[in-house]
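For reference, work-v3.txt (compact mmCIF, N, CA and C atoms):
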# COMPACT_ATOMS: atom_id res chain seq x y z
N MET A 90 0.83 -1.18 0.00
CA MET A 90 0.00 0.00 0.00
C MET A 90 0.87 1.24 0.00
N ALA A 91 0.35 2.31 -0.53
CA ALA A 91 1.12 3.56 -0.58
C ALA A 91 1.03 4.25 0.77
N ASP A 92 2.16 4.80 1.21
CA ASP A 92 2.12 5.60 2.41
C ASP A 92 2.74 6.96 2.12
N LYS A 93 2.67 7.87 3.08
CA LYS A 93 3.07 9.25 2.84
C LYS A 93 4.58 9.41 2.76
N GLU A 94 5.37 8.64 3.53
CA GLU A 94 6.81 8.85 3.55
C GLU A 94 7.54 8.15 2.42
N GLY A 95 7.38 6.86 2.27
CA GLY A 95 8.24 6.11 1.36
C GLY A 95 7.55 5.58 0.13
N GLY A 96 6.27 5.77 -0.03
CA GLY A 96 5.59 5.24 -1.19
C GLY A 96 5.63 3.72 -1.21
N GLU A 97 5.23 3.08 -0.12
CA GLU A 97 5.30 1.63 -0.05
C GLU A 97 4.18 1.01 -0.87
N VAL A 98 4.50 -0.13 -1.45
CA VAL A 98 3.51 -0.87 -2.23
C VAL A 98 3.68 -2.35 -1.92
N ARG A 99 2.61 -3.09 -2.00
CA ARG A 99 2.71 -4.53 -1.77
C ARG A 99 3.10 -5.20 -3.07
N ALA A 100 4.21 -5.93 -3.03
CA ALA A 100 4.70 -6.65 -4.20
C ALA A 100 4.42 -8.13 -4.00
N PRO A 101 3.52 -8.71 -4.82
CA PRO A 101 3.18 -10.12 -4.63
C PRO A 101 4.34 -11.03 -5.01
N ARG A 102 4.49 -12.12 -4.25
CA ARG A 102 5.47 -13.15 -4.57
C ARG A 102 4.73 -14.47 -4.66
N PRO A 103 5.05 -15.28 -5.64
CA PRO A 103 4.35 -16.56 -5.79
C PRO A 103 4.53 -17.45 -4.56
N GLY A 104 3.44 -17.99 -4.07
CA GLY A 104 3.49 -18.91 -2.95
C GLY A 104 3.67 -18.28 -1.59
N ARG A 105 3.76 -16.96 -1.52
CA ARG A 105 3.96 -16.27 -0.24
C ARG A 105 2.94 -15.14 -0.11
N PRO A 106 2.67 -14.74 1.12
CA PRO A 106 1.83 -13.55 1.27
C PRO A 106 2.58 -12.32 0.77
N PRO A 107 1.86 -11.28 0.36
CA PRO A 107 2.53 -10.09 -0.17
C PRO A 107 3.45 -9.45 0.87
N ASP A 108 4.58 -8.95 0.40
CA ASP A 108 5.53 -8.24 1.26
C ASP A 108 5.40 -6.75 0.99
N VAL A 109 5.81 -5.96 1.96
CA VAL A 109 5.83 -4.52 1.78
C VAL A 109 7.17 -4.14 1.17
N LEU A 110 7.15 -3.35 0.11
CA LEU A 110 8.35 -2.92 -0.58
C LEU A 110 8.45 -1.40 -0.50
N PRO A 111 9.38 -0.86 0.26
CA PRO A 111 9.57 0.60 0.27
C PRO A 111 10.20 1.05 -1.04
N LEU A 112 9.41 1.64 -1.91
CA LEU A 112 9.87 1.98 -3.26
C LEU A 112 11.03 2.96 -3.27
N VAL A 113 10.95 4.01 -2.49
CA VAL A 113 12.00 5.03 -2.52
C VAL A 113 13.30 4.45 -1.99
N ARG A 114 13.24 3.68 -0.93
CA ARG A 114 14.46 3.14 -0.33
C ARG A 114 15.05 1.99 -1.14
N ASP A 115 14.23 1.07 -1.63
CA ASP A 115 14.73 -0.17 -2.23
C ASP A 115 14.72 -0.19 -3.75
N VAL A 116 14.15 0.79 -4.40
CA VAL A 116 14.07 0.75 -5.86
C VAL A 116 14.65 2.00 -6.52
N LEU A 117 14.22 3.17 -6.13
CA LEU A 117 14.63 4.41 -6.79
C LEU A 117 16.13 4.64 -6.65
N ASP A 118 16.79 5.02 -7.75
CA ASP A 118 18.23 5.31 -7.83
C ASP A 118 19.11 4.07 -7.63
N LYS A 119 18.56 2.89 -7.74
CA LYS A 119 19.34 1.66 -7.61
C LYS A 119 19.74 1.15 -8.99
N GLN A 120 20.84 0.39 -9.03
CA GLN A 120 21.33 -0.22 -10.26
C GLN A 120 20.39 -1.35 -10.66
N VAL A 121 19.98 -1.39 -11.93
CA VAL A 121 19.14 -2.46 -12.44
C VAL A 121 20.06 -3.53 -13.03
N VAL A 122 19.87 -4.78 -12.60
CA VAL A 122 20.71 -5.89 -13.04
C VAL A 122 19.81 -6.98 -13.62
N ASP A 123 20.21 -7.49 -14.80
CA ASP A 123 19.41 -8.53 -15.46
C ASP A 123 19.79 -9.91 -14.92
N PRO A 124 19.14 -10.99 -15.38
CA PRO A 124 19.42 -12.33 -14.83
C PRO A 124 20.86 -12.79 -15.02
N ASP A 125 21.55 -12.27 -16.04
CA ASP A 125 22.93 -12.66 -16.31
C ASP A 125 23.94 -11.81 -15.54
N GLY A 126 23.47 -10.88 -14.72
CA GLY A 126 24.35 -10.02 -13.94
C GLY A 126 24.82 -8.78 -14.69
N CYS A 127 24.25 -8.52 -15.86
CA CYS A 127 24.62 -7.35 -16.65
C CYS A 127 23.90 -6.11 -16.09
N LYS A 128 24.65 -5.04 -15.91
CA LYS A 128 24.06 -3.79 -15.41
C LYS A 128 23.36 -3.07 -16.55
N ILE A 129 22.08 -2.80 -16.34
CA ILE A 129 21.25 -2.16 -17.38
C ILE A 129 21.28 -0.65 -17.25
N GLY A 130 21.22 -0.13 -16.06
CA GLY A 130 21.16 1.31 -15.81
C GLY A 130 20.62 1.53 -14.41
N LYS A 131 20.26 2.76 -14.11
CA LYS A 131 19.70 3.11 -12.80
C LYS A 131 18.20 3.33 -12.92
N VAL A 132 17.48 3.04 -11.84
CA VAL A 132 16.05 3.35 -11.79
C VAL A 132 15.94 4.85 -11.56
N ASP A 133 15.48 5.57 -12.57
CA ASP A 133 15.36 7.02 -12.48
C ASP A 133 13.96 7.48 -12.15
N SER A 134 12.98 6.62 -12.37
CA SER A 134 11.60 7.00 -12.13
C SER A 134 10.77 5.74 -11.90
N ILE A 135 9.70 5.90 -11.15
CA ILE A 135 8.75 4.81 -10.91
C ILE A 135 7.41 5.28 -11.46
N VAL A 136 6.83 4.50 -12.37
CA VAL A 136 5.57 4.87 -13.01
C VAL A 136 4.42 4.22 -12.25
N LEU A 137 3.50 5.04 -11.77
CA LEU A 137 2.35 4.57 -11.00
C LEU A 137 1.06 4.77 -11.78
N GLN A 138 0.10 3.90 -11.54
CA GLN A 138 -1.24 4.06 -12.10
C GLN A 138 -2.16 4.46 -10.95
N LEU A 139 -2.80 5.60 -11.08
CA LEU A 139 -3.73 6.05 -10.04
C LEU A 139 -5.08 5.40 -10.29
N ARG A 140 -5.68 4.90 -9.21
CA ARG A 140 -6.97 4.21 -9.30
C ARG A 140 -7.94 4.83 -8.31
N ALA A 141 -9.19 4.93 -8.70
CA ALA A 141 -10.20 5.53 -7.83
C ALA A 141 -10.45 4.64 -6.61
N HIS A 142 -10.37 5.26 -5.44
CA HIS A 142 -10.67 4.61 -4.16
C HIS A 142 -9.79 3.38 -3.88
N ARG A 143 -8.63 3.32 -4.50
CA ARG A 143 -7.70 2.22 -4.28
C ARG A 143 -6.29 2.79 -4.26
N PRO A 144 -5.34 2.08 -3.66
CA PRO A 144 -3.96 2.56 -3.66
C PRO A 144 -3.39 2.58 -5.08
N PRO A 145 -2.40 3.42 -5.33
CA PRO A 145 -1.77 3.43 -6.65
C PRO A 145 -1.11 2.09 -6.94
N ARG A 146 -1.02 1.76 -8.22
CA ARG A 146 -0.41 0.51 -8.64
C ARG A 146 0.89 0.83 -9.39
N VAL A 147 1.96 0.12 -9.08
CA VAL A 147 3.24 0.32 -9.77
C VAL A 147 3.15 -0.37 -11.12
N ILE A 148 3.38 0.40 -12.19
CA ILE A 148 3.31 -0.13 -13.55
C ILE A 148 4.70 -0.54 -14.04
N SER A 149 5.67 0.36 -13.91
CA SER A 149 7.00 0.08 -14.43
C SER A 149 8.05 0.94 -13.74
N ILE A 150 9.31 0.58 -14.02
CA ILE A 150 10.43 1.42 -13.61
C ILE A 150 11.04 1.99 -14.89
N GLU A 151 11.44 3.24 -14.83
CA GLU A 151 11.95 3.93 -16.00
C GLU A 151 13.45 4.17 -15.85
N ILE A 152 14.17 3.91 -16.93
CA ILE A 152 15.61 4.12 -16.96
C ILE A 152 15.84 5.27 -17.93
N SER A 153 15.90 6.49 -17.40
CA SER A 153 15.93 7.67 -18.26
C SER A 153 16.61 8.83 -17.53
N GLN A 154 17.62 9.39 -18.17
CA GLN A 154 18.27 10.56 -17.59
C GLN A 154 17.30 11.74 -17.49
N ALA A 155 16.38 11.85 -18.42
CA ALA A 155 15.40 12.94 -18.37
C ALA A 155 14.58 12.86 -17.08
N ALA A 156 14.20 11.66 -16.69
CA ALA A 156 13.44 11.50 -15.44
C ALA A 156 14.29 11.90 -14.23
N ALA A 157 15.57 11.55 -14.26
CA ALA A 157 16.45 11.94 -13.16
C ALA A 157 16.60 13.46 -13.09
N TRP A 158 16.79 14.10 -14.23
CA TRP A 158 16.90 15.57 -14.27
C TRP A 158 15.59 16.23 -13.87
N ARG A 159 14.47 15.62 -14.23
CA ARG A 159 13.17 16.20 -13.89
C ARG A 159 12.94 16.25 -12.38
N ARG A 160 13.57 15.36 -11.65
CA ARG A 160 13.44 15.40 -10.18
C ARG A 160 14.13 16.62 -9.61
N LEU A 161 15.13 17.15 -10.31
CA LEU A 161 15.78 18.39 -9.87
C LEU A 161 14.95 19.60 -10.25
N HIS A 162 14.51 19.63 -11.52
CA HIS A 162 13.68 20.74 -11.99
C HIS A 162 12.98 20.29 -13.27
N THR A 163 11.73 20.67 -13.41
CA THR A 163 10.96 20.22 -14.57
C THR A 163 11.56 20.71 -15.89
N ARG A 164 12.12 21.91 -15.92
CA ARG A 164 12.71 22.42 -17.16
C ARG A 164 13.95 21.62 -17.55
N LEU A 165 14.74 21.20 -16.56
CA LEU A 165 15.90 20.37 -16.86
C LEU A 165 15.45 19.03 -17.46
N GLY A 166 14.39 18.46 -16.91
CA GLY A 166 13.84 17.22 -17.45
C GLY A 166 13.30 17.39 -18.84
N ASP A 167 12.60 18.50 -19.09
CA ASP A 167 12.07 18.77 -20.43
C ASP A 167 13.20 18.93 -21.44
N PHE A 168 14.28 19.63 -21.04
CA PHE A 168 15.42 19.81 -21.93
C PHE A 168 16.09 18.46 -22.22
N ALA A 169 16.26 17.63 -21.20
CA ALA A 169 16.86 16.31 -21.39
C ALA A 169 15.98 15.43 -22.28
N ASP A 170 14.66 15.55 -22.14
CA ASP A 170 13.73 14.83 -23.01
C ASP A 170 13.86 15.28 -24.45
N TRP A 171 13.99 16.59 -24.65
CA TRP A 171 14.17 17.13 -26.00
C TRP A 171 15.46 16.60 -26.62
N LEU A 172 16.55 16.60 -25.83
CA LEU A 172 17.82 16.07 -26.34
C LEU A 172 17.69 14.59 -26.70
N ARG A 173 17.04 13.83 -25.84
CA ARG A 173 16.86 12.40 -26.11
C ARG A 173 16.05 12.18 -27.38
N ALA A 174 14.94 12.90 -27.52
CA ALA A 174 14.09 12.74 -28.70
C ALA A 174 14.81 13.18 -29.98
N ARG A 175 15.66 14.17 -29.86
CA ARG A 175 16.34 14.70 -31.04
C ARG A 175 17.55 13.87 -31.47
N PHE A 176 18.32 13.38 -30.48
CA PHE A 176 19.61 12.77 -30.82
C PHE A 176 19.74 11.28 -30.51
N GLU A 177 18.92 10.75 -29.63
CA GLU A 177 19.09 9.35 -29.26
C GLU A 177 18.65 8.44 -30.40
N PRO A 178 19.49 7.51 -30.81
CA PRO A 178 19.18 6.67 -31.97
C PRO A 178 18.08 5.65 -31.66
N GLY A 179 17.06 5.65 -32.51
CA GLY A 179 16.03 4.63 -32.45
C GLY A 179 15.13 4.64 -31.24
N GLN A 180 14.98 5.76 -30.58
CA GLN A 180 14.14 5.80 -29.39
C GLN A 180 12.99 6.78 -29.60
N ASP A 181 11.80 6.30 -29.34
CA ASP A 181 10.66 7.20 -29.38
C ASP A 181 10.16 7.52 -27.97
N ARG A 182 10.59 6.74 -27.00
CA ARG A 182 10.23 6.99 -25.60
C ARG A 182 11.32 6.40 -24.71
N PRO A 183 11.40 6.84 -23.47
CA PRO A 183 12.43 6.31 -22.57
C PRO A 183 12.22 4.82 -22.27
N PRO A 184 13.30 4.09 -22.04
CA PRO A 184 13.16 2.67 -21.73
C PRO A 184 12.46 2.44 -20.39
N ARG A 185 11.55 1.49 -20.39
CA ARG A 185 10.83 1.11 -19.17
C ARG A 185 10.87 -0.40 -19.02
N VAL A 186 10.92 -0.84 -17.78
CA VAL A 186 10.83 -2.27 -17.47
C VAL A 186 9.56 -2.44 -16.67
N LEU A 187 8.65 -3.27 -17.19
CA LEU A 187 7.39 -3.51 -16.48
C LEU A 187 7.67 -4.08 -15.10
N PHE A 188 6.87 -3.66 -14.14
CA PHE A 188 7.11 -4.08 -12.75
C PHE A 188 6.88 -5.57 -12.56
N GLU A 189 6.18 -6.21 -13.48
CA GLU A 189 5.99 -7.65 -13.37
C GLU A 189 7.32 -8.40 -13.55
N HIS A 190 8.33 -7.73 -14.12
CA HIS A 190 9.66 -8.34 -14.28
C HIS A 190 10.56 -8.08 -13.07
N PHE A 191 10.07 -7.33 -12.10
CA PHE A 191 10.82 -7.03 -10.88
C PHE A 191 10.94 -8.30 -10.04
N VAL A 192 12.16 -8.62 -9.60
CA VAL A 192 12.38 -9.79 -8.75
C VAL A 192 12.58 -9.36 -7.31
N ARG A 193 13.54 -8.43 -7.10
CA ARG A 193 13.75 -7.93 -5.74
C ARG A 193 14.52 -6.61 -5.78
N GLY A 194 14.40 -5.85 -4.70
CA GLY A 194 15.12 -4.59 -4.55
C GLY A 194 16.16 -4.72 -3.47
N GLY A 195 16.81 -3.63 -3.17
CA GLY A 195 17.86 -3.62 -2.15
C GLY A 195 19.02 -2.81 -2.66
N ILE A 196 20.24 -3.37 -2.59
CA ILE A 196 21.40 -2.67 -3.12
C ILE A 196 21.27 -2.52 -4.63
N ASP A 197 20.87 -3.60 -5.29
CA ASP A 197 20.57 -3.58 -6.72
C ASP A 197 19.13 -3.99 -6.92
N VAL A 198 18.54 -3.55 -8.03
CA VAL A 198 17.21 -3.99 -8.42
C VAL A 198 17.41 -5.12 -9.42
N ILE A 199 16.94 -6.29 -9.08
CA ILE A 199 17.09 -7.46 -9.94
C ILE A 199 15.81 -7.64 -10.75
N VAL A 200 15.95 -7.78 -12.07
CA VAL A 200 14.82 -8.02 -12.95
C VAL A 200 15.03 -9.35 -13.67
N ASP A 201 13.94 -9.94 -14.14
CA ASP A 201 14.04 -11.25 -14.80
C ASP A 201 13.98 -11.15 -16.32
N ILE A 202 14.35 -10.01 -16.86
CA ILE A 202 14.33 -9.80 -18.31
C ILE A 202 15.74 -9.40 -18.76
N PRO A 203 16.25 -10.01 -19.84
CA PRO A 203 17.60 -9.66 -20.32
C PRO A 203 17.67 -8.21 -20.79
N TRP A 204 18.85 -7.61 -20.66
CA TRP A 204 19.02 -6.19 -21.01
C TRP A 204 18.71 -5.93 -22.48
N LYS A 205 18.90 -6.92 -23.34
CA LYS A 205 18.65 -6.73 -24.77
C LYS A 205 17.18 -6.45 -25.08
N HIS A 206 16.30 -6.84 -24.17
CA HIS A 206 14.86 -6.63 -24.38
C HIS A 206 14.37 -5.32 -23.77
N THR A 207 15.27 -4.52 -23.20
CA THR A 207 14.84 -3.30 -22.52
C THR A 207 15.07 -2.02 -23.31
N ARG A 208 15.91 -2.03 -24.31
CA ARG A 208 16.28 -0.84 -25.09
C ARG A 208 17.01 0.19 -24.23
N ALA A 209 17.51 -0.21 -23.07
CA ALA A 209 18.15 0.75 -22.16
C ALA A 209 19.58 1.09 -22.58
N ARG A 210 20.21 0.22 -23.35
CA ARG A 210 21.61 0.46 -23.71
C ARG A 210 21.75 0.82 -25.18
N VAL A 211 20.81 1.57 -25.70
CA VAL A 211 20.82 1.92 -27.11
C VAL A 211 22.05 2.76 -27.48
N TRP A 212 22.50 3.63 -26.57
CA TRP A 212 23.69 4.44 -26.86
C TRP A 212 24.93 3.56 -26.99
N GLU A 213 25.07 2.59 -26.10
CA GLU A 213 26.21 1.69 -26.18
C GLU A 213 26.21 0.91 -27.48
N ASP A 214 25.03 0.42 -27.90
CA ASP A 214 24.92 -0.31 -29.16
C ASP A 214 25.29 0.59 -30.34
N TRP A 215 24.80 1.83 -30.33
CA TRP A 215 25.08 2.77 -31.40
C TRP A 215 26.59 3.06 -31.49
N LEU A 216 27.22 3.30 -30.34
CA LEU A 216 28.67 3.55 -30.32
C LEU A 216 29.44 2.33 -30.81
N GLN A 217 29.01 1.15 -30.40
CA GLN A 217 29.69 -0.08 -30.83
C GLN A 217 29.63 -0.23 -32.35
N GLU A 218 28.44 -0.03 -32.92
CA GLU A 218 28.26 -0.22 -34.36
C GLU A 218 28.95 0.85 -35.19
N ARG A 219 28.90 2.10 -34.76
CA ARG A 219 29.36 3.19 -35.61
C ARG A 219 30.79 3.67 -35.33
N ILE A 220 31.29 3.47 -34.12
CA ILE A 220 32.60 4.03 -33.78
C ILE A 220 33.60 2.95 -33.35
N ILE A 221 33.26 2.17 -32.34
CA ILE A 221 34.19 1.20 -31.76
C ILE A 221 34.65 0.19 -32.81
N GLN A 222 33.73 -0.31 -33.63
CA GLN A 222 34.10 -1.31 -34.64
C GLN A 222 35.05 -0.77 -35.70
N ARG A 223 35.09 0.54 -35.86
CA ARG A 223 35.98 1.15 -36.86
C ARG A 223 37.40 1.36 -36.33
N ILE A 224 37.57 1.23 -35.03
CA ILE A 224 38.89 1.35 -34.43
C ILE A 224 39.60 0.01 -34.60
N PRO A 225 40.87 0.02 -34.99
CA PRO A 225 41.58 -1.27 -35.12
C PRO A 225 41.51 -2.07 -33.82
N GLY A 226 41.06 -3.32 -33.93
CA GLY A 226 40.90 -4.18 -32.77
C GLY A 226 39.56 -4.01 -32.09
N GLY A 227 38.73 -3.09 -32.55
CA GLY A 227 37.45 -2.81 -31.91
C GLY A 227 36.31 -3.69 -32.36
N HIS A 228 36.54 -4.54 -33.35
CA HIS A 228 35.46 -5.38 -33.86
C HIS A 228 35.00 -6.45 -32.88
N ARG A 229 35.80 -6.72 -31.86
CA ARG A 229 35.43 -7.71 -30.86
C ARG A 229 34.60 -7.12 -29.74
N GLY A 230 34.40 -5.82 -29.72
CA GLY A 230 33.59 -5.18 -28.69
C GLY A 230 34.19 -5.27 -27.29
N GLY A 231 35.53 -5.22 -27.21
CA GLY A 231 36.18 -5.28 -25.92
C GLY A 231 36.40 -6.68 -25.40
N GLN A 232 35.97 -7.70 -26.17
CA GLN A 232 36.15 -9.09 -25.76
C GLN A 232 37.50 -9.59 -26.24
N LYS A 233 38.15 -10.44 -25.47
CA LYS A 233 39.44 -11.02 -25.87
C LYS A 233 39.25 -12.33 -26.60

Could you take the file, read its structure, and then write that structure out as structure tokens?
Amino acid sequence: MADKEGGEVRAPRPGRPPDVLPLVRDVLDKQVVDPDGCKIGKVDSIVLQLRAHRPPRVISIEISQAAAWRRLHTRLGDFADWLRARFEPGQDRPPRVLFEHFVRGGIDVIVDIPWKHTRARVWEDWLQERIIQRIPGGHRGGQK
């Protein structure tokens, strides 16, 4: 359930009663890690669905610098969104991971979806394809 201080929500776990998950403490600004241990990015925003006469429902976590800047000031977030929309390759919206893929929070946020399915590392892919591969020895992508 949502509370005034930490935005707590009940996260269901199969075979167990629901646990309380403090969203701000255990999810926001934490490193997102996929099942293979690959770091995807940081949780910059939590997307909630408001419901009449019921607590808000967590829809997804957003991995977006614009969302992080927006927490400082809305104009900074708007400017970062404009930059992303104008220059980021192949992105029409910021990457989001549905909350149903959330496994656990804490020091890192563990998700059960591979990073390749999140579109969160589009800049790294773009740099690899267009710049790194053109450098002598760069065709291996840093692998030996």

- Of the candidates A:Trp215, A:Gln138, A:Phe168, A:Ile150, which one gets nearest to Pro183 (chain A) if we count all atoms listed in the file? A:Ile150

- Given the choices A:Pro144, A:His162, A:Pro184, A:Arg223, which gets closest to Trp204 (chain A) if the distance is worked out from only C-alpha atoms? A:Pro184

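For region 134-189 of chain A, a DSSP pass over the backbone yields alpha helix (DSSP H) at Gln154, Ala155, Ala156, Ala157, Trp158, Arg159, Arg160, Leu161, Thr163, Arg164, Leu165, Gly166, Asp167, Phe168, Ala169, Asp170, Trp171, Leu172, Arg173, Ala174, Arg175 and Phe176 of chain A.
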
- Message: as a VMD selection string, please: the residues near Gly166 (chain A) (cut-off 10 Å, only C-alpha atoms, same-chain neighbours under 3 positions excluded).
- Response: chain A and resid 153 to 163 169 to 172

- Message: Counting only N, CA and C atoms, which residue out of A:Arg114, A:Arg146, A:Val198, A:Pro178 sits closest to Val132 (chain A)?
- Response: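 Result for the nearest residue to Val132 (chain A): A:Val198.
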
- Task: Grab the CA of Asp197 (chain A) to CA of Lys119 (chain A) distance for me, in Å with one decimal place.
- Result: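 Taking CA of Asp197 (chain A) and CA of Lys119 (chain A), their separation equals 5.5 Å.
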